[in-house]
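Text of the file protein-v8.cif, holding mmCIF, C-alpha atoms:
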data_query
#
loop_
_atom_site.label_atom_id
_atom_site.label_comp_id
_atom_site.auth_asym_id
_atom_site.auth_seq_id
_atom_site.Cartn_x
_atom_site.Cartn_y
_atom_site.Cartn_z
CA MET A 114 79.30 93.92 184.82
CA ALA A 115 82.54 95.85 184.55
CA LEU A 116 84.30 92.65 183.53
CA VAL A 117 81.75 92.04 180.77
CA LEU A 118 82.14 95.59 179.43
CA PHE A 119 85.94 95.25 179.48
CA SER A 120 85.75 91.99 177.53
CA LEU A 121 83.34 93.54 175.02
CA ARG A 122 85.67 96.50 174.49
CA GLN A 123 88.59 94.13 173.93
CA TRP A 124 86.57 92.15 171.40
CA CYS A 125 85.54 95.31 169.44
CA HIS A 126 89.12 96.59 169.48
CA ALA A 127 90.40 93.28 168.11
CA LEU A 128 87.72 93.28 165.41
CA ARG A 129 88.66 96.82 164.32
CA ASN A 130 92.34 95.88 164.15
CA TRP A 131 91.56 92.81 162.07
CA MET A 132 89.40 94.77 159.62
CA ALA A 133 92.02 97.52 159.31
CA SER A 134 94.79 95.01 158.66
CA THR A 135 92.69 93.30 155.97
CA VAL A 136 91.97 96.57 154.15
CA SER A 137 95.59 97.63 154.52
CA LEU A 138 96.78 94.32 153.10
CA GLY A 139 94.50 94.75 150.11
CA LYS A 140 95.79 98.26 149.50
CA GLU A 141 99.41 97.12 149.80
CA THR A 142 98.80 94.40 147.21
CA LEU A 143 97.34 96.87 144.74
CA LEU A 144 100.09 99.40 145.34
CA GLU A 145 102.86 96.85 144.88
CA ASP A 146 101.48 95.46 141.61
CA GLY A 147 100.05 98.71 140.31
CA MET A 148 97.15 96.73 138.87
CA PRO A 149 94.96 93.70 139.61
CA PRO A 150 96.59 90.26 139.29
CA ALA A 151 97.53 89.55 135.65
CA LYS A 152 95.32 87.30 133.58
CA LYS A 153 96.62 83.86 132.77
CA PRO A 154 98.18 83.90 129.26
CA ARG A 155 95.99 82.26 126.65
CA LYS A 156 97.46 79.04 125.30
CA LEU A 157 98.81 78.96 121.74
CA LEU A 158 97.21 76.49 119.35
CA PRO A 159 99.74 73.67 118.69
CA SER A 160 98.94 73.37 114.98
CA LEU A 161 99.70 77.10 114.55
CA LYS A 162 102.66 77.63 116.85
CA THR A 163 104.54 74.72 115.24
CA LYS A 164 104.45 76.38 111.81
CA LYS A 165 107.63 77.86 110.36
CA PRO A 166 107.60 81.43 109.04
CA ARG A 167 108.15 80.28 105.44
CA GLU A 168 105.00 78.18 105.68
CA LEU A 169 102.84 81.23 106.45
CA VAL A 170 101.14 83.98 104.48
CA LEU A 171 99.92 86.79 106.74
CA VAL A 172 96.73 88.50 105.58
CA ILE A 173 96.44 91.94 107.19
CA GLY A 174 92.88 93.24 107.50
CA THR A 175 91.14 96.37 108.74
CA GLY A 176 91.36 95.33 112.38
CA ILE A 177 95.15 95.63 112.45
CA SER A 178 95.18 99.14 111.00
CA ALA A 179 92.44 100.18 113.41
CA ALA A 180 94.47 98.83 116.34
CA VAL A 181 97.66 100.57 115.19
CA ALA A 182 96.10 104.01 114.69
CA PRO A 183 92.69 104.08 116.42
CA GLN A 184 92.51 107.88 116.08
CA VAL A 185 92.00 107.53 112.32
CA PRO A 186 88.30 106.62 111.73
CA ALA A 187 88.98 105.78 108.08
CA LEU A 188 91.05 102.76 109.17
CA LYS A 189 88.29 101.16 111.23
CA SER A 190 85.80 100.16 108.55
CA TRP A 191 84.53 100.78 105.02
CA LYS A 192 81.84 103.00 106.46
CA GLY A 193 84.46 104.94 108.40
CA LEU A 194 86.54 105.44 105.25
CA ILE A 195 83.61 106.67 103.17
CA GLN A 196 82.49 108.98 106.00
CA ALA A 197 86.02 110.40 106.25
CA LEU A 198 86.14 110.99 102.49
CA LEU A 199 82.74 112.65 102.64
CA ASP A 200 83.85 114.89 105.53
CA ALA A 201 86.96 115.91 103.59
CA ALA A 202 84.89 116.68 100.49
CA ILE A 203 82.54 118.84 102.57
CA ASP A 204 85.47 120.64 104.22
CA PHE A 205 86.89 121.45 100.78
CA ASP A 206 83.45 122.65 99.52
CA LEU A 207 83.37 119.99 96.81
CA LEU A 208 79.72 119.01 97.30
CA GLU A 209 76.48 120.91 97.20
CA ASP A 210 74.32 120.84 100.33
CA GLU A 211 71.80 118.49 98.75
CA GLU A 212 74.55 116.11 97.60
CA SER A 213 76.17 115.95 101.02
CA LYS A 214 72.79 115.33 102.69
CA ARG A 215 72.04 112.50 100.25
CA PHE A 216 75.39 110.82 100.96
CA GLN A 217 74.95 111.26 104.71
CA LYS A 218 71.50 109.66 104.48
CA CYS A 219 72.86 106.67 102.53
CA LEU A 220 75.59 106.13 105.11
CA HIS A 221 73.15 106.45 108.00
CA GLU A 222 70.84 103.86 106.41
CA ASP A 223 73.78 101.51 105.71
CA LYS A 224 72.93 101.20 102.04
CA ASN A 225 75.32 99.35 99.70
CA LEU A 226 78.58 100.98 100.73
CA VAL A 227 80.46 99.92 97.60
CA HIS A 228 77.98 101.80 95.42
CA VAL A 229 77.96 104.78 97.78
CA ALA A 230 81.76 104.91 97.48
CA HIS A 231 81.50 104.67 93.69
CA ASP A 232 79.03 107.58 93.52
CA LEU A 233 81.18 109.71 95.82
CA ILE A 234 84.31 109.06 93.75
CA GLN A 235 82.41 109.98 90.60
CA LYS A 236 81.46 113.29 92.19
CA LEU A 237 85.05 113.99 93.15
CA SER A 238 86.61 112.68 89.94
CA PRO A 239 84.22 113.28 87.02
CA ARG A 240 85.49 112.39 83.57
CA THR A 241 85.41 115.97 82.37
CA SER A 242 87.76 118.92 82.29
CA ASN A 243 86.31 120.04 85.60
CA VAL A 244 88.95 121.15 88.09
CA ARG A 245 87.48 118.75 90.65
CA SER A 246 88.99 115.85 88.68
CA THR A 247 92.03 115.95 90.96
CA PHE A 248 90.20 116.41 94.25
CA PHE A 249 89.69 112.72 95.03
CA LYS A 250 93.46 112.48 95.55
CA ASP A 251 93.36 115.51 97.85
CA CYS A 252 90.58 113.94 99.91
CA LEU A 253 92.47 110.66 100.23
CA TYR A 254 95.64 112.40 101.35
CA GLU A 255 93.64 114.40 103.87
CA VAL A 256 92.07 111.21 105.26
CA PHE A 257 95.41 109.39 105.61
CA ASP A 258 97.47 112.45 106.56
CA ASP A 259 100.43 111.95 108.91
CA LEU A 260 99.69 108.30 109.77
CA GLU A 261 103.09 107.76 111.35
CA SER A 262 102.45 110.21 114.18
CA LYS A 263 99.12 108.53 114.98
CA MET A 264 100.50 105.06 115.69
CA GLU A 265 100.06 103.89 119.29
CA ASP A 266 102.67 101.86 121.17
CA SER A 267 100.51 98.73 121.31
CA GLY A 268 99.98 99.06 117.55
CA LYS A 269 103.70 99.34 116.96
CA GLN A 270 104.10 96.14 118.97
CA LEU A 271 101.76 94.44 116.50
CA LEU A 272 103.66 95.76 113.48
CA GLN A 273 106.97 94.69 115.01
CA SER A 274 105.65 91.12 115.32
CA VAL A 275 104.54 91.13 111.68
CA LEU A 276 107.92 92.51 110.60
CA HIS A 277 109.70 89.85 112.67
CA LEU A 278 107.86 87.08 110.82
CA MET A 279 108.55 88.73 107.46
CA GLU A 280 112.28 88.87 108.20
CA ASN A 281 112.14 85.14 108.87
CA GLY A 282 110.43 84.32 105.57
CA ALA A 283 106.67 84.87 105.98
CA LEU A 284 104.78 86.49 103.09
CA VAL A 285 102.36 89.39 103.67
CA LEU A 286 99.36 90.56 101.69
CA THR A 287 96.73 93.07 102.69
CA THR A 288 93.33 94.37 101.64
CA ASN A 289 94.07 97.71 103.36
CA PHE A 290 94.82 100.95 101.53
CA ASP A 291 97.23 102.30 104.14
CA ASN A 292 100.99 101.78 104.34
CA LEU A 293 101.34 101.64 108.12
CA LEU A 294 103.58 98.57 108.02
CA GLU A 295 105.92 100.16 105.49
CA LEU A 296 106.06 103.40 107.52
CA TYR A 297 106.87 101.51 110.71
CA ALA A 298 109.61 99.50 109.00
CA ALA A 299 111.17 102.68 107.61
CA HIS A 300 111.24 104.10 111.14
CA GLN A 301 113.18 100.97 112.15
CA GLY A 302 115.67 101.56 109.34
CA LYS A 303 114.27 98.79 107.11
CA HIS A 304 112.79 99.14 103.64
CA LEU A 305 109.53 97.37 102.79
CA GLU A 306 108.42 97.42 99.17
CA SER A 307 104.75 98.11 98.43
CA LEU A 308 103.51 95.89 95.59
CA ASP A 309 100.36 97.50 94.19
CA LEU A 310 98.31 95.18 91.99
CA THR A 311 96.21 98.07 90.71
CA ASP A 312 98.92 100.50 89.59
CA GLU A 313 98.55 101.03 85.84
CA LYS A 314 100.72 104.13 85.49
CA LYS A 315 103.34 102.25 83.52
CA VAL A 316 102.50 101.31 79.93
CA ASN A 317 101.70 97.69 79.21
CA ASP A 318 104.28 97.03 76.55
CA ASP A 319 107.23 94.75 75.97
CA ASP A 320 109.85 97.50 76.30
CA TYR A 321 108.77 98.34 79.83
CA PHE A 322 108.42 94.66 80.70
CA LEU A 323 111.96 93.93 79.50
CA SER A 324 113.38 97.01 81.21
CA GLY A 325 112.79 95.27 84.53
CA LEU A 326 114.11 91.84 83.51
CA SER A 327 117.61 90.49 83.79
CA TRP A 328 119.36 87.16 84.19
CA ASP A 329 121.40 86.51 87.31
CA SER A 330 124.53 84.39 87.60
CA THR A 331 122.48 81.20 88.01
CA GLY A 332 120.50 81.81 84.83
CA GLN A 333 117.23 82.74 86.52
CA TRP A 334 114.77 85.52 85.77
CA ARG A 335 115.15 88.61 87.91
CA LEU A 336 113.11 91.80 88.08
CA ARG A 337 115.26 94.85 88.76
CA ASP A 338 114.27 98.36 89.74
CA VAL A 339 110.55 98.00 89.05
CA PRO A 340 108.94 100.82 91.07
CA SER A 341 105.33 99.74 90.58
CA CYS A 342 103.14 97.26 88.77
CA PRO A 343 101.61 98.17 85.44
CA HIS A 344 98.98 96.04 83.80
CA LYS A 345 98.52 92.29 83.51
CA GLY A 346 101.90 90.96 82.30
CA ILE A 347 104.17 92.70 84.76
CA VAL A 348 101.66 92.23 87.58
CA LEU A 349 101.73 88.47 87.10
CA PHE A 350 105.50 88.43 87.05
CA ILE A 351 105.70 90.47 90.25
CA VAL A 352 103.20 88.16 91.97
CA LEU A 353 105.30 85.18 90.88
CA GLU A 354 108.43 86.79 92.28
CA TRP A 355 106.60 87.59 95.52
CA ALA A 356 105.09 84.10 95.82
CA GLN A 357 108.46 82.45 95.18
CA GLU A 358 109.99 84.55 97.97
CA LYS A 359 112.28 86.45 95.60
CA ARG A 360 110.86 89.83 96.61
CA LYS A 361 111.54 89.61 100.31
CA LEU A 362 110.28 92.28 102.67
CA SER A 363 107.46 93.33 100.38
CA VAL A 364 103.74 93.84 101.05
CA LEU A 365 101.23 92.83 98.38
CA HIS A 366 98.33 95.33 98.31
CA ILE A 367 95.55 93.55 96.41
CA HIS A 368 93.20 96.57 96.61
CA GLY A 369 95.83 99.22 96.01
CA VAL A 370 97.48 101.91 98.16
CA TYR A 371 96.10 105.37 98.94
CA THR A 372 99.21 106.97 97.42
CA ASN A 373 97.91 105.77 94.02
CA PRO A 374 94.31 107.08 94.12
CA SER A 375 93.44 106.00 90.58
CA GLY A 376 94.05 102.37 91.47
CA ILE A 377 92.43 101.81 94.85
CA VAL A 378 89.46 99.47 94.76
CA LEU A 379 86.43 101.27 96.19
CA HIS A 380 83.76 100.52 93.62
CA PRO A 381 82.32 97.51 91.69
CA ALA A 382 84.38 98.12 88.54
CA GLY A 383 87.54 98.04 90.63
CA TYR A 384 86.64 94.65 92.07
CA GLN A 385 85.99 93.31 88.60
CA ASN A 386 89.39 94.55 87.40
CA VAL A 387 91.13 92.73 90.25
CA LEU A 388 89.24 89.49 89.72
CA ARG A 389 89.54 89.65 85.93
CA ASN A 390 93.29 89.05 86.10
CA THR A 391 92.74 85.32 86.44
CA GLU A 392 96.41 84.40 86.18
CA VAL A 393 97.30 86.56 89.17
CA MET A 394 94.34 85.21 91.13
CA ARG A 395 95.41 81.67 90.30
CA GLU A 396 98.93 82.25 91.63
CA ILE A 397 97.54 83.54 94.93
CA GLN A 398 95.18 80.57 95.11
CA LYS A 399 98.13 78.23 94.60
CA LEU A 400 99.69 79.72 97.70
CA TYR A 401 96.39 79.22 99.51
CA GLU A 402 96.47 75.55 98.60
CA ASN A 403 100.11 75.01 99.57
CA LYS A 404 100.77 77.31 102.53
CA SER A 405 98.94 78.25 105.71
CA PHE A 406 97.28 81.66 105.69
CA LEU A 407 97.04 83.54 108.98
CA PHE A 408 94.25 86.14 108.89
CA LEU A 409 94.83 89.08 111.24
CA GLY A 410 92.18 91.72 111.85
CA CYS A 411 89.99 90.20 109.15
CA GLY A 412 86.67 90.00 110.98
CA TRP A 413 84.93 92.24 108.41
CA THR A 414 87.18 91.16 105.56
CA VAL A 415 85.33 87.85 105.18
CA ASP A 416 82.53 89.85 103.52
CA ASP A 417 84.95 91.39 101.01
CA THR A 418 84.22 90.44 97.39
CA THR A 419 87.85 89.71 96.50
CA PHE A 420 88.37 87.77 99.73
CA GLN A 421 85.42 85.51 99.03
CA ALA A 422 86.37 84.94 95.40
CA LEU A 423 89.99 84.14 96.26
CA PHE A 424 89.71 82.09 99.41
CA LEU A 425 86.16 80.98 100.15
CA GLU A 426 84.64 80.06 96.79
CA ALA A 427 87.19 79.16 94.12
CA VAL A 428 89.44 76.81 96.10
CA LYS A 429 88.48 73.14 96.01
CA HIS A 430 89.24 70.41 98.55
CA LYS A 431 88.86 72.82 101.46
CA SER A 432 88.98 69.93 103.95
CA ASP A 433 92.67 69.47 103.10
CA LEU A 434 93.53 73.08 103.99
CA GLU A 435 94.79 74.40 107.31
CA HIS A 436 94.47 78.15 107.70
CA PHE A 437 93.99 80.30 110.79
CA MET A 438 92.08 83.43 111.77
CA LEU A 439 92.77 85.37 114.97
CA VAL A 440 89.69 87.15 116.30
CA ARG A 441 88.39 88.67 119.52
CA ARG A 442 86.03 86.28 121.29
CA GLY A 443 83.44 88.97 121.99
CA ASP A 444 79.90 87.65 121.76
CA VAL A 445 79.94 83.90 122.41
CA ASP A 446 77.21 83.04 119.91
CA GLU A 447 78.75 85.16 117.14
CA PHE A 448 82.17 83.64 117.80
CA LYS A 449 80.76 80.11 117.68
CA LYS A 450 78.90 80.85 114.45
CA LEU A 451 82.02 82.29 112.79
CA ARG A 452 84.15 79.34 113.93
CA GLU A 453 81.73 76.78 112.52
CA ASN A 454 81.34 78.68 109.25
CA MET A 455 85.08 79.13 108.69
CA LEU A 456 86.00 75.57 109.70
CA ASP A 457 83.96 74.30 106.75
CA LYS A 458 86.26 76.38 104.55
CA GLY A 459 89.50 75.09 106.04
CA ILE A 460 90.03 78.05 108.42
CA LYS A 461 90.49 77.57 112.16
CA VAL A 462 89.13 80.56 114.07
CA ILE A 463 91.20 81.23 117.20
CA SER A 464 90.42 83.66 120.01
CA TYR A 465 93.31 85.80 121.20
CA GLY A 466 91.22 87.09 124.13
CA ASP A 467 88.10 88.95 125.12
CA GLU A 468 89.49 92.44 124.50
CA TYR A 469 91.17 94.05 121.49
CA THR A 470 94.04 94.99 123.80
CA ASP A 471 94.84 91.28 124.25
CA LEU A 472 96.03 90.88 120.65
CA PRO A 473 99.52 92.52 120.75
CA GLU A 474 100.76 90.38 123.65
CA TYR A 475 99.22 87.18 122.25
CA PHE A 476 100.60 87.75 118.76
CA GLU A 477 104.05 88.63 120.11
CA ARG A 478 104.21 85.31 121.98
CA LEU A 479 102.99 83.46 118.89
CA THR A 480 105.52 85.22 116.67
CA SER A 481 108.41 84.40 119.00
CA GLU A 482 107.41 80.74 119.04
CA ILE A 483 107.09 80.50 115.25
CA ALA A 484 110.29 82.45 114.56
CA MET A 485 112.23 80.20 116.92
CA ARG A 486 111.07 77.10 115.05
CA GLY A 487 111.91 78.77 111.74
CA ARG A 488 115.59 78.72 112.62
CA THR A 489 115.68 74.92 112.37
CA GLY A 490 116.21 75.10 108.58
CA VAL A 491 114.58 74.01 105.33
CA PRO A 492 112.72 70.73 104.59
CA LYS A 493 115.00 67.71 104.40
CA GLU A 494 115.37 65.42 101.42
CA GLY A 495 112.18 63.49 100.85
CA GLN A 496 109.95 66.01 102.61
CA GLN A 497 107.17 67.54 100.56
CA LEU A 498 107.93 71.01 99.23
CA ASN A 499 105.34 73.72 99.65
CA GLY A 500 104.02 75.52 96.60
CA SER A 501 106.66 78.25 96.66
CA ALA A 502 109.58 75.85 97.04
CA ALA A 503 108.23 73.64 94.26
CA ALA A 504 107.98 76.58 91.90
CA HIS A 505 111.50 77.62 92.82
CA ALA A 506 112.76 74.12 92.12
CA GLU A 507 111.14 74.17 88.68
CA ILE A 508 112.80 77.44 87.73
CA LYS A 509 116.18 76.06 88.84
CA GLY A 510 115.81 73.27 86.32
CA LYS A 511 114.86 70.33 88.54
CA THR A 512 112.73 67.51 87.23
CA LEU A 513 109.12 68.45 86.55
CA PRO A 514 106.17 66.12 87.19
CA SER A 515 105.98 65.46 83.45
CA GLY A 516 109.62 64.44 83.33
CA GLU A 517 110.68 67.60 81.49
CA ARG A 518 113.63 69.71 82.53
CA LEU A 519 113.82 73.45 82.22
CA ARG A 520 116.81 74.77 80.30
CA PRO A 521 117.63 78.36 81.32
CA LEU A 522 117.38 80.62 78.30
CA ARG A 523 119.96 83.40 78.14
CA LEU A 524 118.57 86.05 75.86
CA PRO A 525 120.77 88.14 73.61
CA ARG A 526 120.20 91.88 73.92
CA GLU A 527 118.81 92.18 70.43
CA SER A 528 115.83 89.95 71.28
CA SER A 529 114.01 92.85 72.93
CA GLY A 530 110.70 91.82 71.37
CA LEU A 531 110.15 89.13 74.00
CA SER A 532 106.64 89.51 75.37
CA GLY A 533 105.51 88.90 78.92
CA ARG A 534 103.16 86.18 77.68
CA PHE A 535 105.97 84.18 76.09
CA CYS A 536 108.16 84.57 79.18
CA ARG A 537 105.45 82.94 81.25
CA ALA A 538 104.86 80.20 78.71
CA PHE A 539 108.56 79.37 78.57
CA ALA A 540 109.24 79.50 82.29
CA PHE A 541 106.16 77.48 83.26
CA PRO A 542 105.48 74.86 80.53
CA GLN A 543 103.34 72.83 82.92
CA ASP A 544 100.60 75.42 82.53
CA ALA A 545 98.78 74.01 79.51
CA ALA A 546 96.69 77.13 79.05
CA LEU A 547 99.80 79.21 78.50
CA GLU A 548 101.94 76.51 76.91
CA HIS A 549 100.14 76.70 73.59
CA GLN A 550 100.10 80.47 73.26
CA PRO A 551 101.67 81.60 69.95
CA ARG A 552 105.16 83.00 70.42
CA PRO A 553 106.51 86.12 68.72
CA ARG A 554 108.63 85.35 65.72
CA SER A 555 111.66 87.17 67.04
CA CYS A 556 111.62 85.07 70.23
CA ALA A 557 111.39 81.78 68.35
CA ALA A 558 114.31 82.84 66.18
CA ALA A 559 116.32 83.79 69.25
CA GLU A 560 115.64 80.44 70.87
CA ASP A 561 116.58 78.54 67.70
CA SER A 562 119.84 80.42 67.42
CA LEU A 563 120.67 79.61 71.03
CA GLY A 564 119.75 75.98 70.50
CA ARG A 565 122.11 75.72 67.53
CA ALA A 566 124.84 77.34 69.59
#
If you convert what's in this file into structure tokens, what do you get?
Amino acid sequence: MALVLFSLRQWCHALRNWMASTVSLGKETLLEDGMPPAKKPRKLLPSLKTKKPRELVLVIGTGISAAVAPQVPALKSWKGLIQALLDAAIDFDLLEDEESKRFQKCLHEDKNLVHVAHDLIQKLSPRTSNVRSTFFKDCLYEVFDDLESKMEDSGKQLLQSVLHLMENGALVLTTNFDNLLELYAAHQGKHLESLDLTDEKKVNDDDYFLSGLSWDSTGQWRLRDVPSCPHKGIVLFIVLEWAQEKRKLSVLHIHGVYTNPSGIVLHPAGYQNVLRNTEVMREIQKLYENKSFLFLGCGWTVDDTTFQALFLEAVKHKSDLEHFMLVRRGDVDEFKKLRENMLDKGIKVISYGDEYTDLPEYFERLTSEIAMRGRTGVPKEGQQLNGSAAAHAEIKGKTLPSGERLRPLRLPRESSGLSGRFCRAFAFPQDAALEHQPRPRSCAAAEDSLGRA
């Protein structure tokens, strides 16, 4: 009996030692790593990672801003922005109790947010001599106050990846009102230009248009020292410069920037103004047909009126397009539905992971891969030019599809009556709609005198 008890004690002692060593081993593993074993990196899609930076247009949506500065509710969604504006208006005593309750009720019921925004702006900026006419600007500045200090490290990692692609030739446009990317670049000692399609502060006349034009040593148009975009003519020219990669390190804000409150697109009339400039829209659509767009943080942006008009409805031959959209996988059924819907429109929906926190690391790897391939150079002779390169070749005077050649026109200083419309008609004769526009007399005379010379 004693022998049996001794053996039993030995067995229990051995079992306790084994269990203790197993637990200890588990603890040691966790302590050494500091975290559970890392997830296997998600593979990069071959058709995307083999792109060169100059073949890409990055479209920055709400999701990126929300990831960069999650403490700012106004960056997360339209509803968040309107709620933040409403809160600011209430804090500044700009609304009566009944008005604020009505707006709160509309937001709670998720009524048409565009119209809610329009009504709120009207309350803050009535077309009267009322002192409140300037308060919309105050509310906007309050909402977007001190953005730089609210950026998180993971968000800065995202912005650094975007900036890296821009420096290697990628174009960037955004539907966001913030200037987070520009602020981050400035902190890195680099200047990014904000191109605001809605800024109408400058007068729409020939003198202003010409004040930004000059000819460089190769006889090409150049825009110099244009701080912002006035109305139609100059806007088109700036978009052309941006699309042809002549305005490097610039961000095209198609809905405006909060620093120009009168221009930001928050109501139906604003959308109509953006879409009404058909020449500008056409230039962006040309890029969409000739480059690959990479949509970042654009999950909600697909419902945006301008987004749909530009990319989902107007463009034909969608089966020939190859664009990409990075999204969180989230709900499997929703992800599958979005992927099928977008694929019909020429957009490949790609999951960067199951969590929002997976995006910075995934996008950094993708950016490094693309930037590395971008160092291999430009297309060789015989390779098809993308839309931007083709436009650049036309301006340089290479043979056009019609067999015509462009002859650079060096304007004398006295021909200051040259209008933006004629500039476009002369520089792009393949556009039949503009080709037959009547030219100002002074311009025709200037051209004739140069021809005789």
Practice item. List the residues matched by the PyMOL selection byres ((chain A and resi 365-378) around 7) in the displayed structure as a PyMOL selection string, ordered by chain and then by residue number. Key: chain A and resi 250+253+285-291+307-312+363-364+379-380+383-384
Point to revise | Of the listed residues A:Leu226, A:Leu472, A:Ile173, A:Leu362, that which approaches Leu293 in chain A most closely, counting only C-alpha atoms | key: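 Residue with the minimum atom-to-atom distance to Leu293 in chain A: A:Ile173.
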Point to revise | Resolved residues for the PyMOL selection byres ((chain A and resi 270) around 10) as a list in words | key: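 Output of the PyMOL selection byres ((chain A and resi 270) around 10): Val181, Glu265, Asp266, Ser267, Gly268, Lys269, Leu271, Leu272, Gln273, Ser274, Val275, Leu276, Leu472, Pro473, Glu474, Phe476 and Glu477 of chain A.
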**Study point:** Proximity to Tyr254 in chain A - best of A:Thr391, A:Trp191, A:Ala201, A:Lys162, all atoms listed in the file
**Key:**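 With all atoms listed in the file as the atom set, the closest residue is A:Ala201.
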Exercise for review: Kindly give the distance, in Å, that separates CA of Ile483 in chain A and CA of Asn281 in chain A, rounded to a single decimal.
Suggested key: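 Distance between the two atoms: 9.4 Å.
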Study note, to complete from the structure: One residue among A:Leu296, A:Ala182, A:Leu407, A:Ala230 is nearest to Glu435 in chain A when using all atoms listed in the file, and that residue is A:Leu407
Exercise for review: For CA of Glu453 in chain A and CA of Lys189 in chain A, quote the distance in Å rounded to one decimal.
Suggested key: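 Straight-line distance from CA of Glu453 in chain A to CA of Lys189 in chain A works out to 25.3 Å.
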Provide range 151-162 of chain A rebuilt to N, CA and C atoms, formatted as a short mmCIF file (atom, residue, chain, number, x, y, z; two decimals), keeping the file's coordinate frame.
data_model
loop_
_atom_site.label_atom_id
_atom_site.label_comp_id
_atom_site.auth_asym_id
_atom_site.auth_seq_id
_atom_site.Cartn_x
_atom_site.Cartn_y
_atom_site.Cartn_z
N ALA A 151 97.55 89.74 137.11
CA ALA A 151 97.53 89.55 135.65
C ALA A 151 96.72 88.33 135.26
N LYS A 152 96.08 88.43 134.09
CA LYS A 152 95.32 87.30 133.58
C LYS A 152 96.26 86.20 133.13
N LYS A 153 95.82 84.99 133.22
CA LYS A 153 96.62 83.86 132.77
C LYS A 153 96.75 83.92 131.26
N PRO A 154 97.99 83.82 130.72
CA PRO A 154 98.18 83.90 129.26
C PRO A 154 97.38 82.82 128.54
N ARG A 155 96.76 83.22 127.44
CA ARG A 155 95.99 82.26 126.65
C ARG A 155 96.94 81.31 125.94
N LYS A 156 96.60 80.04 125.93
CA LYS A 156 97.46 79.04 125.30
C LYS A 156 97.50 79.23 123.79
N LEU A 157 98.64 78.90 123.19
CA LEU A 157 98.81 78.96 121.74
C LEU A 157 98.41 77.63 121.12
N LEU A 158 97.68 77.70 120.02
CA LEU A 158 97.21 76.49 119.35
C LEU A 158 98.40 75.71 118.78
N PRO A 159 98.57 74.43 119.16
CA PRO A 159 99.74 73.67 118.69
C PRO A 159 99.92 73.64 117.18
N SER A 160 98.81 73.47 116.44
CA SER A 160 98.94 73.37 114.98
C SER A 160 99.37 74.68 114.34
N LEU A 161 99.24 75.80 115.07
CA LEU A 161 99.70 77.10 114.55
C LEU A 161 101.10 77.43 115.04
N LYS A 162 101.36 77.23 116.31
CA LYS A 162 102.66 77.63 116.85
C LYS A 162 103.80 76.76 116.34
#
